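Each remark here refers to the structure printed beneath this line.
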Amino acid sequence: LGATIPTTVLNEFINEIRGVYGNLYAKVRKLNIKGAVKVPIAKLEASFKWISEDTVSPRQNAGEIKDYVEFSYNMAEIRVAQTLLSEIVSLDIFEREVVNVMMKAYLKAMDSGIVKGTGNGQMLGIVNDSRITQLGNVVEFTASEINNWTAWRKKFFAKLPLGYRAGEFIFPLATVDAYLETMADSNNNPIFRQATGLEVNDGDARYPNGRFFGHDVSLVEPDIIKDFDTASNGDVIGIFWQPEEYAINTNMEF
């Protein structure tokens, strides 16, 4: 990049990355540590025991380290094709356009990686992490249940542990429009807002968001998560997550 694009473009690109993020990328924790570092995950537990003057509390088990998070060295590139447009327009306009093109590519890759990264030469995404997709963390909805607010309460919220109720949803906009916003009672009267508190700000193309059952909703394009109508049996159509528990290592070089 340094040989073909002026230094001012690189500086502006780096500043843009620091200040503007993707809809999902903006919510996750950003770490800045060296690659190939393994961070242990320890399960710490404590117990409360009544004692008297004649008894003492037994020693506590400090917990076990059974798993770890590894931040690997992953390499990528952003390649921009320079066309005749660069010779026609002014350098200032061309520089701004190049930055926009690179930013769009970068943020799209980050949001896609957060959701479905393979872990092979790239980040491990939510839907491919076996610790997340294990039995009990996946709720299946049929076509008749996806826009039924009673099914949502019974199949999802009733089984959600208290410690995870502060989480947020990730949905493609088409699923919200076609199913969540069409929730109705037996007389086909719309109840999506009264029953679920659904509010969606889909008019903001840069930072779309909303609320569903009191939880924040991040809207994504269908290439990040398939909408319900185009999804096949077994595909992920939505994610409920706590963004602060997901981290990305931003120790990057340009």
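Ordering of the structure tokens sets the chain letters (A, B, ...); residue numbers start at 1 within each chain; ligands are numbered from 1 in the order shown.
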
Distance query segment 146-162 of chain A at most 7 Å, only C-alpha atoms, self and fewer than 6 positions along chain excluded, as a VMD selection string: chain A and resid 139 179 to 180 182 to 183

Write a file of the selected residues as an mmCIF file, in the first residue's frame, keeping N, CA and C atoms.
```cif
data_model
loop_
_atom_site.group_PDB
_atom_site.id
_atom_site.type_symbol
_atom_site.label_atom_id
_atom_site.label_comp_id
_atom_site.auth_asym_id
_atom_site.auth_seq_id
_atom_site.Cartn_x
_atom_site.Cartn_y
_atom_site.Cartn_z
ATOM 1 N N VAL A 139 -31.758 -22.467 20.086
ATOM 2 C CA VAL A 139 -33.220 -22.566 20.120
ATOM 3 C C VAL A 139 -33.734 -22.571 18.693
ATOM 4 N N TYR A 179 -41.304 -10.858 9.990
ATOM 5 C CA TYR A 179 -41.801 -11.756 11.031
ATOM 6 C C TYR A 179 -41.993 -11.085 12.393
ATOM 7 N N LEU A 180 -41.003 -10.363 12.869
ATOM 8 C CA LEU A 180 -41.153 -9.765 14.193
ATOM 9 C C LEU A 180 -42.155 -8.617 14.188
ATOM 10 N N THR A 182 -44.662 -8.379 12.264
ATOM 11 C CA THR A 182 -45.989 -8.850 11.827
ATOM 12 C C THR A 182 -46.661 -9.687 12.903
ATOM 13 N N MET A 183 -46.152 -9.663 14.121
ATOM 14 C CA MET A 183 -46.812 -10.383 15.207
ATOM 15 C C MET A 183 -48.211 -9.849 15.413
#
```

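Those residues of segment 129-241 of chain A that DSSP, working from the backbone, places in helix (DSSP H, G or I) are Trp149, Thr150, Ala151, Trp152, Arg153, Lys154, Lys155, Phe156, Phe157, Ala158, Lys159, Leu162, Gly163, Tyr164, Leu173, Ala174, Thr175, Val176, Asp177, Ala178, Leu180, Glu181, Thr182, Phe192, Arg193, Gln194, Ala195 and Thr196 of chain A.
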
Give me a file of those residues, with N, CA and C atoms, as a PDB file, in the first residue's frame.
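Output below, filename out31.pdb:
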```pdb
ATOM      1  N   TRP A 149     -45.431 -14.419  19.610  1.00  0.00           N
ATOM      2  CA  TRP A 149     -44.793 -13.887  20.803  1.00  0.00           C
ATOM      3  C   TRP A 149     -44.862 -14.865  21.968  1.00  0.00           C
ATOM      4  N   THR A 150     -45.895 -15.726  22.013  1.00  0.00           N
ATOM      5  CA  THR A 150     -45.963 -16.740  23.071  1.00  0.00           C
ATOM      6  C   THR A 150     -44.838 -17.756  22.909  1.00  0.00           C
ATOM      7  N   ALA A 151     -44.546 -18.146  21.664  1.00  0.00           N
ATOM      8  CA  ALA A 151     -43.449 -19.084  21.418  1.00  0.00           C
ATOM      9  C   ALA A 151     -42.116 -18.484  21.848  1.00  0.00           C
ATOM     10  N   TRP A 152     -41.932 -17.202  21.602  1.00  0.00           N
ATOM     11  CA  TRP A 152     -40.701 -16.546  22.023  1.00  0.00           C
ATOM     12  C   TRP A 152     -40.561 -16.583  23.546  1.00  0.00           C
ATOM     13  N   ARG A 153     -41.662 -16.324  24.260  1.00  0.00           N
ATOM     14  CA  ARG A 153     -41.589 -16.324  25.722  1.00  0.00           C
ATOM     15  C   ARG A 153     -41.303 -17.710  26.266  1.00  0.00           C
ATOM     16  N   LYS A 154     -41.950 -18.733  25.700  1.00  0.00           N
ATOM     17  CA  LYS A 154     -41.814 -20.093  26.226  1.00  0.00           C
ATOM     18  C   LYS A 154     -40.504 -20.761  25.795  1.00  0.00           C
ATOM     19  N   LYS A 155     -40.154 -20.624  24.515  1.00  0.00           N
ATOM     20  CA  LYS A 155     -39.010 -21.367  23.997  1.00  0.00           C
ATOM     21  C   LYS A 155     -37.677 -20.677  24.263  1.00  0.00           C
ATOM     22  N   PHE A 156     -37.708 -19.345  24.357  1.00  0.00           N
ATOM     23  CA  PHE A 156     -36.445 -18.625  24.505  1.00  0.00           C
ATOM     24  C   PHE A 156     -36.305 -17.960  25.870  1.00  0.00           C
ATOM     25  N   PHE A 157     -37.139 -16.976  26.154  1.00  0.00           N
ATOM     26  CA  PHE A 157     -36.946 -16.176  27.360  1.00  0.00           C
ATOM     27  C   PHE A 157     -37.149 -16.966  28.636  1.00  0.00           C
ATOM     28  N   ALA A 158     -38.081 -17.917  28.634  1.00  0.00           N
ATOM     29  CA  ALA A 158     -38.321 -18.703  29.841  1.00  0.00           C
ATOM     30  C   ALA A 158     -37.125 -19.576  30.201  1.00  0.00           C
ATOM     31  N   LYS A 159     -36.275 -19.872  29.222  1.00  0.00           N
ATOM     32  CA  LYS A 159     -35.113 -20.735  29.460  1.00  0.00           C
ATOM     33  C   LYS A 159     -33.809 -19.947  29.561  1.00  0.00           C
ATOM     34  N   LEU A 162     -30.743 -15.988  34.372  1.00  0.00           N
ATOM     35  CA  LEU A 162     -30.772 -14.601  34.825  1.00  0.00           C
ATOM     36  C   LEU A 162     -29.474 -13.871  34.497  1.00  0.00           C
ATOM     37  N   GLY A 163     -28.352 -14.582  34.561  1.00  0.00           N
ATOM     38  CA  GLY A 163     -27.072 -13.944  34.337  1.00  0.00           C
ATOM     39  C   GLY A 163     -26.850 -13.498  32.910  1.00  0.00           C
ATOM     40  N   TYR A 164     -27.701 -13.935  31.978  1.00  0.00           N
ATOM     41  CA  TYR A 164     -27.517 -13.589  30.568  1.00  0.00           C
ATOM     42  C   TYR A 164     -28.665 -12.744  30.016  1.00  0.00           C
ATOM     43  N   LEU A 173     -32.409  -7.400   8.814  1.00  0.00           N
ATOM     44  CA  LEU A 173     -33.579  -6.532   8.769  1.00  0.00           C
ATOM     45  C   LEU A 173     -34.788  -7.236   8.159  1.00  0.00           C
ATOM     46  N   ALA A 174     -34.580  -8.099   7.159  1.00  0.00           N
ATOM     47  CA  ALA A 174     -35.705  -8.768   6.502  1.00  0.00           C
ATOM     48  C   ALA A 174     -36.489  -9.629   7.485  1.00  0.00           C
ATOM     49  N   THR A 175     -35.813 -10.282   8.419  1.00  0.00           N
ATOM     50  CA  THR A 175     -36.504 -11.094   9.421  1.00  0.00           C
ATOM     51  C   THR A 175     -37.333 -10.226  10.342  1.00  0.00           C
ATOM     52  N   VAL A 176     -36.790  -9.065  10.717  1.00  0.00           N
ATOM     53  CA  VAL A 176     -37.534  -8.146  11.576  1.00  0.00           C
ATOM     54  C   VAL A 176     -38.777  -7.640  10.864  1.00  0.00           C
ATOM     55  N   ASP A 177     -38.623  -7.227   9.601  1.00  0.00           N
ATOM     56  CA  ASP A 177     -39.747  -6.691   8.835  1.00  0.00           C
ATOM     57  C   ASP A 177     -40.823  -7.744   8.583  1.00  0.00           C
ATOM     58  N   ALA A 178     -40.404  -8.942   8.166  1.00  0.00           N
ATOM     59  CA  ALA A 178     -41.352  -9.948   7.705  1.00  0.00           C
ATOM     60  C   ALA A 178     -41.984 -10.753   8.829  1.00  0.00           C
ATOM     61  N   LEU A 180     -41.003 -10.363  12.869  1.00  0.00           N
ATOM     62  CA  LEU A 180     -41.153  -9.765  14.193  1.00  0.00           C
ATOM     63  C   LEU A 180     -42.155  -8.617  14.188  1.00  0.00           C
ATOM     64  N   GLU A 181     -42.152  -7.826  13.116  1.00  0.00           N
ATOM     65  CA  GLU A 181     -43.079  -6.701  13.047  1.00  0.00           C
ATOM     66  C   GLU A 181     -44.452  -7.106  12.520  1.00  0.00           C
ATOM     67  N   THR A 182     -44.662  -8.379  12.264  1.00  0.00           N
ATOM     68  CA  THR A 182     -45.989  -8.850  11.827  1.00  0.00           C
ATOM     69  C   THR A 182     -46.661  -9.687  12.903  1.00  0.00           C
ATOM     70  N   PHE A 192     -47.117  -6.565  17.887  1.00  0.00           N
ATOM     71  CA  PHE A 192     -45.674  -6.660  18.044  1.00  0.00           C
ATOM     72  C   PHE A 192     -45.128  -5.595  18.979  1.00  0.00           C
ATOM     73  N   ARG A 193     -45.716  -4.395  18.959  1.00  0.00           N
ATOM     74  CA  ARG A 193     -45.193  -3.315  19.798  1.00  0.00           C
ATOM     75  C   ARG A 193     -45.691  -3.451  21.229  1.00  0.00           C
ATOM     76  N   GLN A 194     -46.986  -3.794  21.389  1.00  0.00           N
ATOM     77  CA  GLN A 194     -47.537  -3.921  22.727  1.00  0.00           C
ATOM     78  C   GLN A 194     -46.954  -5.115  23.473  1.00  0.00           C
ATOM     79  N   ALA A 195     -46.776  -6.237  22.772  1.00  0.00           N
ATOM     80  CA  ALA A 195     -46.339  -7.461  23.428  1.00  0.00           C
ATOM     81  C   ALA A 195     -44.832  -7.540  23.591  1.00  0.00           C
ATOM     82  N   THR A 196     -44.092  -7.005  22.641  1.00  0.00           N
ATOM     83  CA  THR A 196     -42.643  -7.188  22.649  1.00  0.00           C
ATOM     84  C   THR A 196     -41.858  -5.903  22.828  1.00  0.00           C
TER      85      THR A 196
END
```

Atom CA of Arg211 of chain A to atom CA of Asn249 of chain A, distance in Å rounded to a single decimal: 28.6 Å

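Coordinates place atom CA of Pro172 of chain A at a distance of 25.3 Å from atom CA of Asn120 of chain A.
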
Contacts of Gly167 of chain A within 7 Å, only C-alpha atoms, excl. fewer than 5 positions in-chain, as a PyMOL selection string: chain A and resi 215+240-242

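Taking atom CA of Asn187 of chain A as the reference point, atom CA of Gly214 of chain A is found at 25.1 Å.
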
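Using only C-alpha atoms, the smallest distance between any of A:Lys108, A:Arg131, A:Lys226, A:Lys116 and Tyr25 of chain A comes from A:Lys108.
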
Exercise: Val101 of chain A partners within 10 Å, only C-alpha atoms, chain neighbours under 6 positions left out, as a list in words: Ile78, Arg79 and Val80 of chain A

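The residue that comes closest to Asp67 of chain A, out of A:Lys30, A:Lys38, A:Arg165, A:Arg96 and on the basis of only C-alpha atoms, is A:Lys38.
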